[in-house]
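Below: the structure, in structure tokens.
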Amino acid sequence: MDSPVKPLGFNVLVKIIPVEAKSKGGIIINSESDLERERKGRDIAEIVAFGPVAYKGYAGCESAEDWGVKVGDIVELSTRYDGKFTRAQEYKEEYKNYRYVSDQDILGLASGEFLDMLKNQQELEK
């Protein structure tokens with residue numbers, strides 16, 4: 001995945017996973033309220049790129065992979081308000097969900113059935 005911008009310092013560029021799951025025909029699969037979908041959707045993201053010192057300086061870490069994350073991983077952020085949206089969205093609409101977050105704002109790595117559900121949701125939206 002190409003990065004529209006390169007994060008600096010300890011920042012990580014992530015792509016927020018959309019809130020609604022839609023079928024190819026445009027039918028919304030999720031029946032939760034809009035507010036609940038918004039709450040859940042803004043704190044799950046896919047890692048796009050790492051800044052040059054992301055995760056360096058933590059005990060035993062020389063890179064993000066030493067911490068256990070890599071580009072393409074789906075992660076949970078500490079809150080839905082973490083970071084700053086990139087202005088790359090003004091260049092291309094496809095970058096509207098790209099956001100910078102601190103390496104410390106990434107709290108967990110999606111795995112197992114949860115990861116499978118998120119990947120399936122992304123496939124349905126394509």
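Every chain in the structure tokens has a letter given in the order shown (A, B, ...), and although residue numbers restart at 1 in each chain, ligands are simply numbered from 1 in the order shown.
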If we count only C-alpha atoms and set the cut-off at 10 Å, which residues sit around Pro4 (chain A), ignoring sequence neighbours fewer than 2 positions away in its own chain? Please answer as a list in words.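 Here the answer would be Met1, Asp2, Lys6, Pro7, Leu13, Val48, Ala49, Thr86, Arg87, Ala88, Gln89, Tyr91, Lys92, Glu94, Tyr95 and Tyr98 of chain A.
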Skipping near chain neighbours, those fewer than 3 positions away, what residues fall within 8 Å of Ser102 (chain A) using only C-alpha atoms, listed as a PyMOL selection string? chain A and resi 10-12+83+105-106
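Picture a line from CA of Glu90 (chain A) to CA of Ala64 (chain A); it runs 28.8 Å.
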For Tyr58 (chain A), which of A:Lys70, A:Ile16, A:Leu115, A:Gln104 is the closest residue, counting only C-alpha atoms? A:Gln104
Please identify the helix (DSSP H, G or I) residues within region 42-89 of chain A (assignment by DSSP from backbone atoms) and present them as a ChimeraX atom specification. /A:64-67,87-89
Select, from A:Lys15, A:Asp66, A:Ser3, A:Glu113, the residue with the minimum atom-to-atom distance to Phe85 (chain A), counting only C-alpha atoms. A:Lys15
